[in-house]
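Participant: Below is the file entry33.cif, which contains mmCIF, C-alpha atoms.
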data_protein
#
loop_
_atom_site.label_atom_id
_atom_site.label_comp_id
_atom_site.auth_asym_id
_atom_site.auth_seq_id
_atom_site.Cartn_x
_atom_site.Cartn_y
_atom_site.Cartn_z
CA MET A 211 -2.56 14.96 -11.93
CA SER A 212 -3.10 12.09 -14.30
CA ARG A 213 -0.22 12.51 -16.72
CA VAL A 214 3.51 13.00 -16.31
CA ASN A 215 4.75 16.51 -15.64
CA SER A 216 8.27 16.25 -17.03
CA ASN A 217 10.55 14.43 -19.42
CA VAL A 218 14.21 13.71 -20.16
CA PRO A 219 15.65 14.17 -23.65
CA THR A 220 17.72 11.24 -24.81
CA THR A 221 19.85 10.64 -27.86
CA VAL A 222 18.54 7.86 -30.03
CA GLY A 223 21.28 5.78 -31.58
CA ALA A 224 21.86 2.57 -33.42
CA GLY A 225 21.25 -0.61 -31.49
CA ALA A 226 18.44 -2.58 -29.99
CA SER A 227 14.99 -0.98 -29.99
CA VAL A 228 13.36 -0.42 -26.63
CA ALA A 229 9.56 -0.66 -26.68
CA THR A 230 7.81 2.66 -26.03
CA HIS A 231 4.33 4.10 -26.40
CA LEU A 232 4.11 7.68 -27.70
CA ILE A 233 1.58 9.95 -26.02
CA SER A 234 1.55 13.71 -26.52
CA GLY A 235 5.19 13.87 -27.54
CA ASN A 236 6.49 11.78 -24.68
CA ASP A 237 7.77 8.26 -25.08
CA TYR A 238 6.59 5.96 -22.31
CA GLN A 239 8.77 2.92 -21.96
CA THR A 240 6.59 -0.17 -21.91
CA ILE A 241 7.67 -2.99 -19.69
CA ILE A 242 6.70 -6.60 -19.12
CA PHE A 243 6.63 -7.84 -15.56
CA ALA A 244 8.52 -10.88 -14.43
CA GLY A 245 8.64 -12.61 -11.10
CA PRO A 246 11.76 -12.59 -8.93
CA ASP A 247 12.66 -15.92 -10.55
CA GLY A 248 12.71 -14.30 -14.00
CA TYR A 249 9.59 -15.98 -15.36
CA LEU A 250 7.23 -13.64 -17.23
CA GLN A 251 4.02 -13.02 -15.35
CA GLY A 252 0.80 -14.31 -16.87
CA LEU A 253 2.33 -17.19 -18.78
CA GLY A 254 2.63 -19.81 -16.07
CA ASP A 255 1.61 -23.44 -16.43
CA MET A 256 -1.50 -23.15 -14.24
CA TYR A 257 -3.61 -26.11 -13.18
CA VAL A 258 -6.57 -26.81 -10.92
CA ILE A 259 -7.68 -29.78 -8.83
CA THR A 260 -11.14 -30.13 -7.33
CA ALA A 261 -13.03 -32.23 -4.81
CA LEU A 262 -16.81 -32.04 -5.20
CA ALA A 263 -19.52 -32.89 -2.69
CA ILE A 264 -17.37 -35.03 -0.43
CA PRO A 265 -19.48 -36.35 2.50
CA MET A 266 -18.65 -34.55 5.73
CA THR A 267 -18.13 -37.69 7.76
CA THR A 268 -15.52 -38.87 10.23
CA PRO A 269 -14.15 -35.44 11.10
CA PRO A 270 -11.50 -34.15 10.91
CA LYS A 271 -11.46 -35.28 7.30
CA ASP A 272 -8.68 -34.63 4.79
CA PHE A 273 -10.55 -34.26 1.51
CA LEU A 274 -8.18 -32.75 -1.09
CA ALA A 275 -4.40 -32.96 -1.27
CA LEU A 276 -1.70 -31.73 -3.62
CA ILE A 277 1.82 -33.15 -3.41
CA ASN A 278 4.99 -32.15 -5.23
CA GLN A 279 6.43 -35.59 -5.68
CA PRO A 280 10.00 -36.34 -4.61
CA ASN A 281 12.52 -35.93 -7.43
CA SER A 282 10.03 -34.01 -9.55
CA ASN A 283 12.53 -31.25 -10.34
CA VAL A 284 9.73 -28.69 -10.29
CA ILE A 285 8.30 -26.27 -7.75
CA LEU A 286 4.58 -25.91 -7.23
CA LYS A 287 3.14 -22.46 -6.52
CA VAL A 288 -0.33 -22.49 -4.96
CA HIS A 289 -2.20 -19.34 -5.96
CA ALA A 290 -5.74 -19.84 -4.67
CA ILE A 291 -7.84 -22.17 -2.51
CA ASN A 292 -11.65 -22.17 -2.26
CA SER A 293 -14.12 -24.24 -0.26
CA TRP A 294 -17.89 -24.53 -0.13
CA SER A 295 -20.78 -26.86 0.72
CA GLU A 296 -23.31 -28.53 -1.59
CA GLN A 297 -26.57 -30.25 -0.58
CA THR A 298 -29.23 -32.58 -1.84
CA THR A 299 -31.37 -32.30 1.29
CA GLY A 300 -31.92 -29.68 3.96
CA ILE A 301 -29.82 -29.97 7.11
CA PRO A 302 -29.42 -28.16 10.42
CA GLY A 303 -25.99 -26.90 9.45
CA THR A 304 -23.44 -24.72 11.20
CA PRO A 305 -20.29 -22.81 10.24
CA ARG A 306 -17.58 -25.40 9.81
CA GLY A 307 -13.88 -24.76 9.89
CA ILE A 308 -11.65 -25.62 6.94
CA ARG A 309 -7.90 -25.81 7.51
CA VAL A 310 -5.01 -26.13 5.08
CA PHE A 311 -1.92 -27.92 6.40
CA ARG A 312 1.43 -28.65 4.91
CA CYS A 313 2.16 -32.36 4.61
CA THR A 314 4.58 -34.69 2.90
CA SER A 315 2.34 -37.35 1.37
CA ALA A 316 -1.26 -38.49 0.98
CA SER A 317 -2.68 -41.95 0.43
CA ASP A 318 -6.03 -43.72 0.21
CA GLY A 319 -8.92 -41.82 -1.36
CA ASP A 320 -9.14 -41.36 -5.13
CA THR A 321 -6.13 -40.36 -7.18
CA ILE A 322 -6.69 -37.52 -9.63
CA ALA A 323 -4.77 -38.71 -12.66
CA ASN A 324 -2.30 -36.18 -14.04
CA SER A 325 -3.75 -36.72 -17.50
CA VAL A 326 -7.11 -35.23 -16.48
CA ILE A 327 -5.89 -32.31 -14.38
CA PRO A 328 -7.19 -29.28 -16.28
CA SER A 329 -4.84 -26.56 -17.44
CA LEU A 330 -5.80 -22.92 -17.79
CA ASN A 331 -3.60 -22.65 -20.86
CA ASN A 332 -4.55 -25.46 -23.14
CA ALA A 333 -7.14 -28.21 -23.26
CA ALA A 334 -4.57 -30.62 -24.62
CA GLY A 335 -1.78 -29.17 -22.53
CA PRO A 336 1.10 -31.13 -21.14
CA VAL A 337 0.38 -33.50 -18.34
CA ALA A 338 1.18 -31.82 -15.05
CA PRO A 339 4.66 -33.07 -14.22
CA GLY A 340 5.65 -34.06 -10.75
CA VAL A 341 2.19 -33.64 -9.30
CA GLY A 342 0.43 -36.02 -6.97
CA ALA A 343 -3.21 -35.11 -6.42
CA SER A 344 -5.89 -37.03 -4.59
CA ARG A 345 -9.24 -36.50 -2.94
CA ALA A 346 -11.48 -38.33 -0.52
CA SER A 347 -13.91 -40.69 -2.15
CA ALA A 348 -17.34 -39.19 -2.79
CA SER A 349 -18.92 -42.48 -1.78
CA GLY A 350 -16.78 -43.33 1.23
CA THR A 351 -16.76 -42.20 4.82
CA THR A 352 -13.05 -41.91 5.43
CA GLY A 353 -10.76 -39.23 4.15
CA LEU A 354 -7.24 -39.21 2.87
CA THR A 355 -4.46 -40.64 5.01
CA ILE A 356 -1.93 -37.88 5.54
CA THR A 357 1.68 -38.26 6.66
CA GLY A 358 4.02 -35.51 7.70
CA GLY A 359 1.17 -33.17 8.55
CA ALA A 360 2.25 -29.87 10.10
CA THR A 361 1.20 -28.97 13.62
CA GLU A 362 -0.11 -25.53 12.73
CA PRO A 363 -2.25 -24.74 9.68
CA LEU A 364 -0.90 -22.61 6.86
CA VAL A 365 -4.25 -20.91 6.32
CA VAL A 366 -7.75 -21.39 7.71
CA GLY A 367 -11.31 -20.40 6.95
CA ALA A 368 -14.87 -21.61 7.33
CA ILE A 369 -17.98 -22.44 5.33
CA ASN A 370 -21.64 -22.37 6.27
CA THR A 371 -23.40 -25.70 5.75
CA GLU A 372 -26.92 -24.45 6.55
CA GLU A 373 -29.07 -23.70 3.51
CA ALA A 374 -30.96 -21.05 5.46
CA GLY A 375 -27.75 -19.36 6.53
CA GLY A 376 -25.49 -18.77 3.58
CA GLY A 377 -24.89 -22.42 2.80
CA GLY A 378 -23.22 -22.88 -0.56
CA LEU A 379 -21.40 -19.58 -0.65
CA PRO A 380 -17.75 -20.32 -1.45
CA SER A 381 -15.15 -19.16 1.03
CA LYS A 382 -11.91 -17.78 -0.34
CA ILE A 383 -9.57 -19.70 1.93
CA PHE A 384 -6.40 -18.39 0.27
CA ARG A 385 -5.42 -15.81 -2.33
CA ALA A 386 -1.80 -15.24 -3.20
CA LEU A 387 -1.31 -11.50 -2.99
CA GLY A 388 2.11 -11.46 -4.56
CA GLU A 389 3.48 -14.45 -2.72
CA PRO A 390 2.04 -17.90 -3.44
CA MET A 391 2.52 -20.94 -1.24
CA LEU A 392 5.62 -22.78 -2.42
CA LEU A 393 5.80 -26.57 -2.45
CA SER A 394 9.29 -27.92 -3.02
CA THR A 395 9.86 -31.57 -3.89
CA GLY A 396 8.41 -33.86 -1.27
CA GLN A 397 6.11 -31.18 0.11
CA GLY A 398 2.35 -30.92 -0.14
CA LEU A 399 -0.87 -29.43 1.13
CA THR A 400 -4.04 -30.99 2.46
CA MET A 401 -7.47 -29.44 2.99
CA ARG A 402 -9.07 -30.67 6.20
CA THR A 403 -12.42 -30.16 7.92
CA ASP A 404 -12.49 -29.33 11.62
CA SER A 405 -13.20 -32.00 14.23
CA THR A 406 -16.93 -31.41 14.69
CA ALA A 407 -19.49 -33.89 13.41
CA LEU A 408 -21.00 -32.33 10.36
CA GLY A 409 -24.26 -34.12 9.64
CA LEU A 410 -25.38 -34.78 6.09
CA ALA A 411 -23.83 -31.86 4.27
CA SER A 412 -20.82 -32.14 1.99
CA VAL A 413 -17.61 -30.25 1.52
CA SER A 414 -16.01 -29.16 -1.76
CA GLY A 415 -12.70 -27.55 -2.49
CA THR A 416 -10.49 -26.23 -5.27
CA ILE A 417 -6.75 -25.62 -5.43
CA TRP A 418 -5.22 -23.56 -8.26
CA PHE A 419 -1.49 -24.10 -8.66
CA GLU A 420 1.36 -23.39 -11.04
CA VAL A 421 4.13 -25.77 -12.04
CA VAL A 422 7.51 -24.05 -12.32
CA PRO A 423 10.48 -25.94 -13.75
CA MET B 92 16.65 -10.03 -2.85
CA THR B 93 14.00 -7.37 -2.62
CA ARG B 94 15.65 -4.36 -4.28
CA ALA B 95 17.48 -3.67 -7.51
CA ASN B 96 21.18 -4.38 -7.18
CA ASP B 97 22.45 -2.29 -10.10
CA SER B 98 21.86 0.93 -12.07
CA ILE B 99 22.60 2.38 -15.48
CA ALA B 100 23.70 5.99 -16.05
CA VAL B 101 21.95 7.72 -18.97
CA THR B 102 23.44 10.69 -20.85
CA PRO B 103 20.73 13.25 -21.69
CA GLY B 104 20.84 14.62 -25.21
CA ALA B 105 18.68 15.95 -28.02
CA GLY B 106 16.15 13.54 -29.40
CA GLN B 107 13.15 11.63 -28.19
CA LEU B 108 11.55 12.71 -24.93
CA VAL B 109 11.33 10.03 -22.27
CA ALA B 110 8.31 10.47 -20.00
CA THR B 111 9.27 11.25 -16.45
CA GLN B 112 7.70 12.57 -13.28
CA SER B 113 9.46 15.12 -11.11
CA PRO B 114 7.84 15.06 -7.69
CA GLY B 115 9.96 17.92 -6.40
CA ASP B 116 12.96 16.14 -4.98
CA GLY B 117 15.23 17.13 -7.83
CA LYS B 118 15.07 13.75 -9.46
CA GLU B 119 13.39 12.53 -12.62
CA TYR B 120 11.39 9.34 -12.13
CA GLN B 121 10.82 7.53 -15.37
CA VAL B 122 7.17 6.73 -15.97
CA ILE B 123 6.44 3.45 -17.66
CA ILE B 124 3.40 1.73 -19.10
CA PRO B 125 3.10 -1.95 -18.20
CA SER B 126 2.52 -4.45 -20.95
CA ARG B 127 1.23 -7.95 -21.00
CA ALA B 128 3.70 -10.68 -21.85
CA ASP B 129 2.36 -10.67 -25.43
CA GLY B 130 3.14 -6.96 -25.84
CA HIS B 131 -0.41 -5.58 -25.57
CA LEU B 132 -0.55 -2.57 -23.30
CA SER B 133 -2.18 -3.60 -20.03
CA GLY B 134 -5.82 -2.63 -19.76
CA THR B 135 -6.32 -1.79 -23.42
CA LEU B 136 -7.83 -4.98 -24.82
CA PRO B 137 -11.60 -4.83 -25.16
CA ALA B 138 -13.60 -7.16 -22.95
CA TYR B 139 -16.84 -8.84 -23.99
CA TYR B 140 -19.66 -10.16 -21.84
CA ILE B 141 -22.19 -12.92 -22.39
CA SER B 142 -24.89 -13.98 -19.98
CA GLY B 143 -27.85 -16.25 -19.44
CA LEU B 144 -30.50 -14.87 -17.12
CA ALA B 145 -33.14 -16.52 -14.96
CA MET B 146 -33.00 -19.85 -16.78
CA ALA B 147 -35.12 -22.79 -15.65
CA LYS B 148 -33.10 -25.37 -13.78
CA SER B 149 -32.63 -29.08 -14.23
CA ALA B 150 -30.07 -31.61 -13.11
CA SER B 151 -26.77 -31.60 -15.02
CA LYS B 152 -28.03 -28.89 -17.37
CA HIS B 153 -25.54 -26.83 -19.39
CA TYR B 154 -26.45 -23.15 -19.11
CA LEU B 155 -23.87 -20.96 -20.80
CA GLY B 156 -21.25 -21.88 -23.36
CA LEU B 157 -18.49 -20.02 -25.18
CA VAL B 158 -16.52 -21.54 -28.05
CA ASN B 159 -13.58 -20.26 -30.04
CA GLN B 160 -14.65 -21.47 -33.46
CA PRO B 161 -12.30 -23.59 -35.55
CA ASN B 162 -10.23 -21.51 -37.97
CA SER B 163 -11.11 -18.29 -36.15
CA ASN B 164 -7.46 -17.20 -36.08
CA VAL B 165 -8.00 -15.64 -32.69
CA MET B 166 -7.37 -16.65 -29.10
CA LEU B 167 -9.97 -16.16 -26.37
CA GLU B 168 -9.13 -15.31 -22.80
CA VAL B 169 -11.85 -15.99 -20.24
CA SER B 170 -11.18 -13.57 -17.41
CA CYS B 171 -14.18 -13.94 -15.09
CA VAL B 172 -17.15 -16.29 -14.68
CA SER B 173 -19.89 -15.61 -12.13
CA ILE B 174 -23.21 -17.27 -11.25
CA TRP B 175 -26.23 -16.38 -9.15
CA GLU B 176 -29.87 -17.16 -8.35
CA GLU B 177 -32.91 -15.04 -9.17
CA THR B 178 -36.41 -15.74 -7.92
CA THR B 179 -39.86 -14.25 -8.42
CA GLY B 180 -41.38 -16.18 -5.52
CA THR B 181 -40.08 -17.71 -2.35
CA VAL B 182 -38.46 -21.13 -2.64
CA THR B 183 -37.21 -23.78 -0.29
CA GLY B 184 -33.73 -24.03 -1.67
CA LEU B 185 -30.41 -25.72 -0.98
CA ALA B 186 -26.76 -25.18 -1.79
CA ARG B 187 -26.45 -26.11 -5.48
CA GLY B 188 -23.15 -26.94 -7.13
CA TYR B 189 -21.97 -25.65 -10.51
CA ARG B 190 -18.90 -26.52 -12.55
CA LEU B 191 -17.01 -24.84 -15.37
CA PHE B 192 -15.72 -27.42 -17.86
CA ARG B 193 -13.65 -27.21 -20.98
CA MET B 194 -15.38 -28.64 -24.07
CA THR B 195 -15.02 -28.55 -27.83
CA SER B 196 -18.44 -27.71 -29.28
CA MET B 197 -22.08 -27.14 -28.45
CA SER B 198 -25.49 -27.29 -30.05
CA ALA B 199 -29.12 -26.72 -29.07
CA GLY B 200 -29.91 -23.97 -26.60
CA THR B 201 -30.31 -20.35 -27.71
CA THR B 202 -27.58 -18.74 -29.77
CA ILE B 203 -26.30 -15.37 -28.58
CA SER B 204 -25.77 -13.45 -31.80
CA ASN B 205 -22.28 -11.99 -32.21
CA SER B 206 -23.80 -8.67 -33.17
CA THR B 207 -25.44 -8.35 -29.77
CA ILE B 208 -22.55 -9.41 -27.55
CA GLY B 209 -21.81 -6.54 -25.20
CA ARG B 210 -18.39 -4.90 -25.24
CA THR B 211 -17.02 -2.96 -22.32
CA ASP B 212 -15.27 -0.12 -24.14
CA VAL B 213 -17.76 0.84 -26.85
CA SER B 214 -21.48 0.55 -27.44
CA ALA B 215 -23.19 -2.54 -28.76
CA SER B 216 -23.12 -1.16 -32.29
CA ASP B 217 -19.43 -2.00 -32.46
CA PRO B 218 -18.44 -4.65 -35.01
CA ALA B 219 -19.43 -8.12 -33.93
CA ALA B 220 -16.97 -10.24 -32.00
CA PRO B 221 -15.12 -12.39 -34.55
CA GLY B 222 -14.62 -16.09 -34.16
CA ILE B 223 -17.05 -16.44 -31.29
CA ALA B 224 -19.88 -18.88 -30.71
CA ALA B 225 -21.97 -18.24 -27.62
CA SER B 226 -25.14 -20.01 -26.51
CA ARG B 227 -27.26 -20.35 -23.41
CA ASN B 228 -30.00 -22.37 -21.76
CA GLY B 229 -30.01 -26.10 -22.40
CA LEU B 230 -26.88 -26.77 -24.41
CA THR B 231 -25.85 -30.11 -25.83
CA ILE B 232 -22.11 -30.43 -25.26
CA THR B 233 -19.47 -32.50 -26.99
CA GLY B 234 -15.90 -32.99 -25.88
CA LEU B 235 -16.66 -32.35 -22.22
CA ALA B 236 -13.53 -32.58 -20.03
CA THR B 237 -13.32 -35.10 -17.22
CA GLU B 238 -12.40 -32.61 -14.51
CA PRO B 239 -13.80 -29.08 -14.06
CA ILE B 240 -11.52 -26.11 -14.55
CA ALA B 241 -13.42 -24.23 -11.84
CA ALA B 242 -16.30 -25.00 -9.51
CA GLY B 243 -18.46 -23.47 -6.83
CA ALA B 244 -21.99 -23.23 -5.53
CA ILE B 245 -24.84 -20.81 -4.94
CA ASN B 246 -27.57 -20.70 -2.34
CA GLU B 247 -31.03 -21.08 -3.86
CA GLU B 248 -33.05 -19.80 -0.92
CA GLU B 249 -33.88 -16.16 -0.33
CA ALA B 250 -33.67 -16.74 3.41
CA GLY B 251 -30.21 -18.20 3.06
CA ALA B 252 -28.11 -15.82 0.94
CA GLY B 253 -29.99 -16.53 -2.29
CA GLY B 254 -29.09 -13.95 -4.92
CA ILE B 255 -25.53 -13.41 -3.80
CA VAL B 256 -23.13 -13.76 -6.72
CA THR B 257 -20.57 -16.55 -6.65
CA VAL B 258 -17.41 -16.05 -8.69
CA LEU B 259 -16.52 -19.38 -10.25
CA PHE B 260 -13.34 -18.02 -11.81
CA ASP B 261 -11.49 -14.74 -11.74
CA GLU B 262 -8.10 -14.19 -13.36
CA TYR B 263 -7.02 -12.30 -10.26
CA MET B 264 -7.12 -15.60 -8.40
CA THR B 265 -4.51 -17.15 -10.63
CA GLY B 266 -2.78 -14.20 -12.25
CA GLN B 267 -3.83 -15.36 -15.68
CA PRO B 268 -7.01 -16.14 -17.62
CA ILE B 269 -8.34 -19.37 -19.09
CA LEU B 270 -7.07 -19.63 -22.66
CA LEU B 271 -9.30 -21.00 -25.42
CA SER B 272 -7.48 -21.85 -28.62
CA THR B 273 -9.40 -22.48 -31.83
CA GLY B 274 -11.88 -25.31 -31.41
CA GLN B 275 -11.95 -24.99 -27.63
CA GLY B 276 -14.68 -23.75 -25.33
CA VAL B 277 -16.08 -23.71 -21.82
CA THR B 278 -19.51 -24.50 -20.41
CA ILE B 279 -21.23 -24.04 -17.06
CA GLN B 280 -22.98 -27.17 -15.83
CA GLN B 281 -25.22 -27.81 -12.81
CA ASP B 282 -24.65 -30.71 -10.44
CA GLY B 283 -26.85 -33.80 -10.52
CA THR B 284 -29.73 -32.34 -8.50
CA ALA B 285 -32.62 -30.51 -10.15
CA GLY B 286 -32.80 -27.62 -7.69
CA VAL B 287 -35.36 -24.83 -7.43
CA GLY B 288 -35.64 -21.25 -8.61
CA THR B 289 -33.74 -20.04 -11.64
CA PHE B 290 -30.09 -19.88 -12.64
CA SER B 291 -28.13 -16.96 -14.06
CA ALA B 292 -24.55 -16.71 -15.22
CA GLY B 293 -22.19 -14.24 -16.83
CA MET B 294 -18.80 -14.55 -18.49
CA TYR B 295 -16.20 -11.92 -19.40
CA PHE B 296 -13.70 -12.69 -22.12
CA ARG B 297 -11.14 -10.99 -24.36
CA ILE B 298 -10.22 -11.65 -27.97
CA LEU B 299 -6.58 -11.75 -29.06
CA THR B 300 -6.04 -11.34 -32.77
#
As C-alpha cells, please, write out the structure in this file.
Facilitator:
Amino acid sequence: MSRVNSNVPTTVGAGASVATHLISGNDYQTIIFAGPDGYLQGLGDMYVITALAIPMTTPPKDFLALINQPNSNVILKVHAINSWSEQTTGIPGTPRGIRVFRCTSASDGDTIANSVIPSLNNAAGPVAPGVGASRASASGTTGLTITGGATEPLVVGAINTEEAGGGGLPSKIFRALGEPMLLSTGQGLTMRTDSTALGLASVSGTIWFEVVP
Amino acid sequence: MTRANDSIAVTPGAGQLVATQSPGDGKEYQVIIPSRADGHLSGTLPAYYISGLAMAKSASKHYLGLVNQPNSNVMLEVSCVSIWEETTGTVTGLARGYRLFRMTSMSAGTTISNSTIGRTDVSASDPAAPGIAASRNGLTITGLATEPIAAGAINEEEAGAGGIVTVLFDEYMTGQPILLSTGQGVTIQQDGTAGVGTFSAGMYFRILT
C-alpha cells in the first residue's frame, strides 16, 4: 500500500486556512517540522570551524576547540564532527584514536576569529555570537591548553595515517541523529589525539554547530 | 517532554475529505505530507548535478565552482559535495586535502553549459537551470573566503583506498544545505601540495525560485 485507504469528511468554515495538498480527492494536511524548542527545522544559524593539517606532535594533542562563552545567552548545538589525516610525505602510519571531550575553556593555539567563521546560510551572515573557537597552530608542536576537561570522552573514533592503508579517508566521529550535543554557556568541546607518538602525519578536523538564541 | 500533551476534537461533516489511514484498530490516523520551512513539499524540488572528472592536479588548484549569478532572482541550495580519485596507472600517492570555500565569482576553466547540467527528475532536455554559472578545471577565483565551509581528504594511492569517495558536505550532517544568495558561490580547492593521479568532484544543488 502506498496511498491512504480512508478519509474523514470535515466541514470547511470561515477562519484561518490550513495548508493542504490535494491528491485524488483527498486533502493531505502539509506540516512543517519544528524542534522541541519550537524552532523550525532547516533554518538554523549553522556554522563550521576547521583545523587543517595540524602536526601530530606531542600527543595527546588538543587540536580544535569550540566554547560557548560565559554570558553568551545562546546555546550551541553540535551536529557533526569529522576528522582525517593529510600528508606531504609518505609515513609508516597507524590507526590513531581521536577523542572528543567536554571542557570549559581553551587557550594558546590560534584563535579563529568570529568574523571569519563560515555560515551555511549567508556569506555575509552575522558574526557567530558567543562563540570561542581555536585550533592548534599549524606550525607549532604544542596543542591547545584545555581546562575543565571531562574524564570520559563524549564520542570517539579513529583515523588511518598510513597512505597505503586508507590514509586520508575522513572518519565521521559524530552525527547528530535527532539529538545534537548541547553546549550551554561556559561549556565547550575539544578534539584530541590519543597518547601515541604519531610520526610526521597531520590531523584535521571539522565541527559543524548551530547557534540558538 | 516526549509526547503531545493535548488534543483537539474534530466534528466530522460534509465537505472536504481529509486523508486518513485506518489500520484496522477502529481509528482514523490522519496522513500528512511534510513541508520544508519555506512551504515547498519535501522531496519535490528538482536537484541538479555538476561534476569535474579526472582533472589533472596541481597545488592549490580550483577544480569545480558553482555561482548564483547576480540578479538571478533565485536561491541555490548546495545539498551534497563529494570528491574522489581516478587513475589509469598505478601511482605512489598520499592523503591529499581538499577544501570547499565560499567565493563570489570565477573565470577561466571550462564552462559547464546550463543546457547540459543534469537534473535528477527529468532528462537532460529539460529547460536549462536558470541563474547558474558552473565551471571546472583550473578556475580563477575572486572573493575567496578566509575559512573553508567544509573540508576533507582523499587517498591518492590505489593500494591505500584510492578511489573511495569522500563526502565533503552533506545536508544530512547539518540538517540544512549551504545557501547561495545572488552573487555567491562555492569552489573546491586542493591543498598546497601538487599530488599525483587525477581529481574528480561532484556537487548536487537545488534552485529555489
Participant: Hey, which of A:Pro328, A:Gly300, A:Pro280, A:Gly252 ends up closest to Phe192 (chain B)? Count all atoms listed in the file.
Facilitator: A:Pro328
Participant: Excluding Glu296 (chain A) and any residue of its chain fewer than 2 positions from it, enumerate the residues within 9 Å of it, using all atoms listed in the file, and give them as a list in words.
Facilitator: Leu262, Ala263, Ile264, Trp294, Thr298, Thr371, Gly377, Gly378, Ala411, Ser412, Val413 and Ser414 of chain A; Leu185, Ala186, Arg187, Gly188, Gly243, Ala244, Ile245 and Asn246 of chain B
Participant: Figure out the distance between CA of Ile291 (chain A) and CA of Arg385 (chain A), please, to one decimal in Å.
Facilitator: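 Pair CA of Arg385 (chain A) / CA of Ile291 (chain A) returns 6.8 Å.
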Participant: When the PyMOL selection byres ((chain B) within 6 of (chain A)) is applied to the structure above, which residues does it catch, written out as a PyMOL selection string?
Facilitator: chain B and resi 103-112+123-128+185-188+240+244-246+250-252+264-267+269-270
Participant: Write out as a ChimeraX atom specification the residues lying within 10 Å of region 401-404 of chain A, counting only C-alpha atoms and excluding same-chain residues fewer than 6 positions away.
Facilitator: /A:261,266-276,291-293,306-312,345,353-354,363,365-369,413-417
Participant: Can you pull out the residues contacting Gly288 (chain B)? Cut-off 8 Å, using all atoms listed in the file, and skip same-chain residues under 3 positions away; I want them as a list in words.
Facilitator: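 Counting all atoms listed in the file, the residues come to Ala147, Lys148, Glu176, Glu177, Thr178, Val182, Gly184 and Glu247 of chain B.
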Participant: Generate the output file for the selected residues, C-alpha atoms, as an mmCIF file, in the coordinates of the input.
Facilitator:
data_model
loop_
_atom_site.group_PDB
_atom_site.id
_atom_site.type_symbol
_atom_site.label_atom_id
_atom_site.label_comp_id
_atom_site.auth_asym_id
_atom_site.auth_seq_id
_atom_site.Cartn_x
_atom_site.Cartn_y
_atom_site.Cartn_z
ATOM 1 C CA ALA B 147 -35.120 -22.790 -15.650
ATOM 2 C CA LYS B 148 -33.100 -25.370 -13.780
ATOM 3 C CA GLU B 176 -29.870 -17.160 -8.350
ATOM 4 C CA GLU B 177 -32.910 -15.040 -9.170
ATOM 5 C CA THR B 178 -36.410 -15.740 -7.920
ATOM 6 C CA VAL B 182 -38.460 -21.130 -2.640
ATOM 7 C CA GLY B 184 -33.730 -24.030 -1.670
ATOM 8 C CA GLU B 247 -31.030 -21.080 -3.860
#
Participant: Supply region 325-329 of chain A as a compact mmCIF listing (two decimals), in the frame of the given file, with all heavy atoms built in where the input has gaps.
Facilitator:
# COMPACT_ATOMS: atom_id res chain seq x y z
N SER A 325 -3.28 -36.92 -16.12
CA SER A 325 -3.75 -36.72 -17.50
C SER A 325 -5.08 -36.00 -17.57
O SER A 325 -5.47 -35.52 -18.63
CB SER A 325 -3.86 -38.07 -18.22
OG SER A 325 -4.78 -38.91 -17.54
N VAL A 326 -5.81 -35.92 -16.44
CA VAL A 326 -7.11 -35.23 -16.48
C VAL A 326 -7.10 -33.94 -15.66
O VAL A 326 -8.13 -33.28 -15.54
CB VAL A 326 -8.25 -36.15 -15.96
CG1 VAL A 326 -8.36 -37.38 -16.82
CG2 VAL A 326 -8.05 -36.52 -14.49
N ILE A 327 -5.95 -33.58 -15.11
CA ILE A 327 -5.89 -32.31 -14.38
C ILE A 327 -5.98 -31.17 -15.38
O ILE A 327 -5.14 -31.06 -16.27
CB ILE A 327 -4.58 -32.22 -13.56
CG1 ILE A 327 -4.58 -33.27 -12.44
CG2 ILE A 327 -4.41 -30.82 -12.98
CD1 ILE A 327 -3.31 -33.30 -11.63
N PRO A 328 -7.01 -30.33 -15.26
CA PRO A 328 -7.19 -29.28 -16.28
C PRO A 328 -6.12 -28.19 -16.18
O PRO A 328 -5.63 -27.85 -15.10
CB PRO A 328 -8.57 -28.70 -15.92
CG PRO A 328 -9.21 -29.67 -15.02
CD PRO A 328 -8.09 -30.35 -14.29
N SER A 329 -5.78 -27.66 -17.34
CA SER A 329 -4.84 -26.56 -17.44
C SER A 329 -5.59 -25.31 -17.87
O SER A 329 -6.52 -25.38 -18.68
CB SER A 329 -3.76 -26.89 -18.48
OG SER A 329 -3.06 -25.72 -18.86
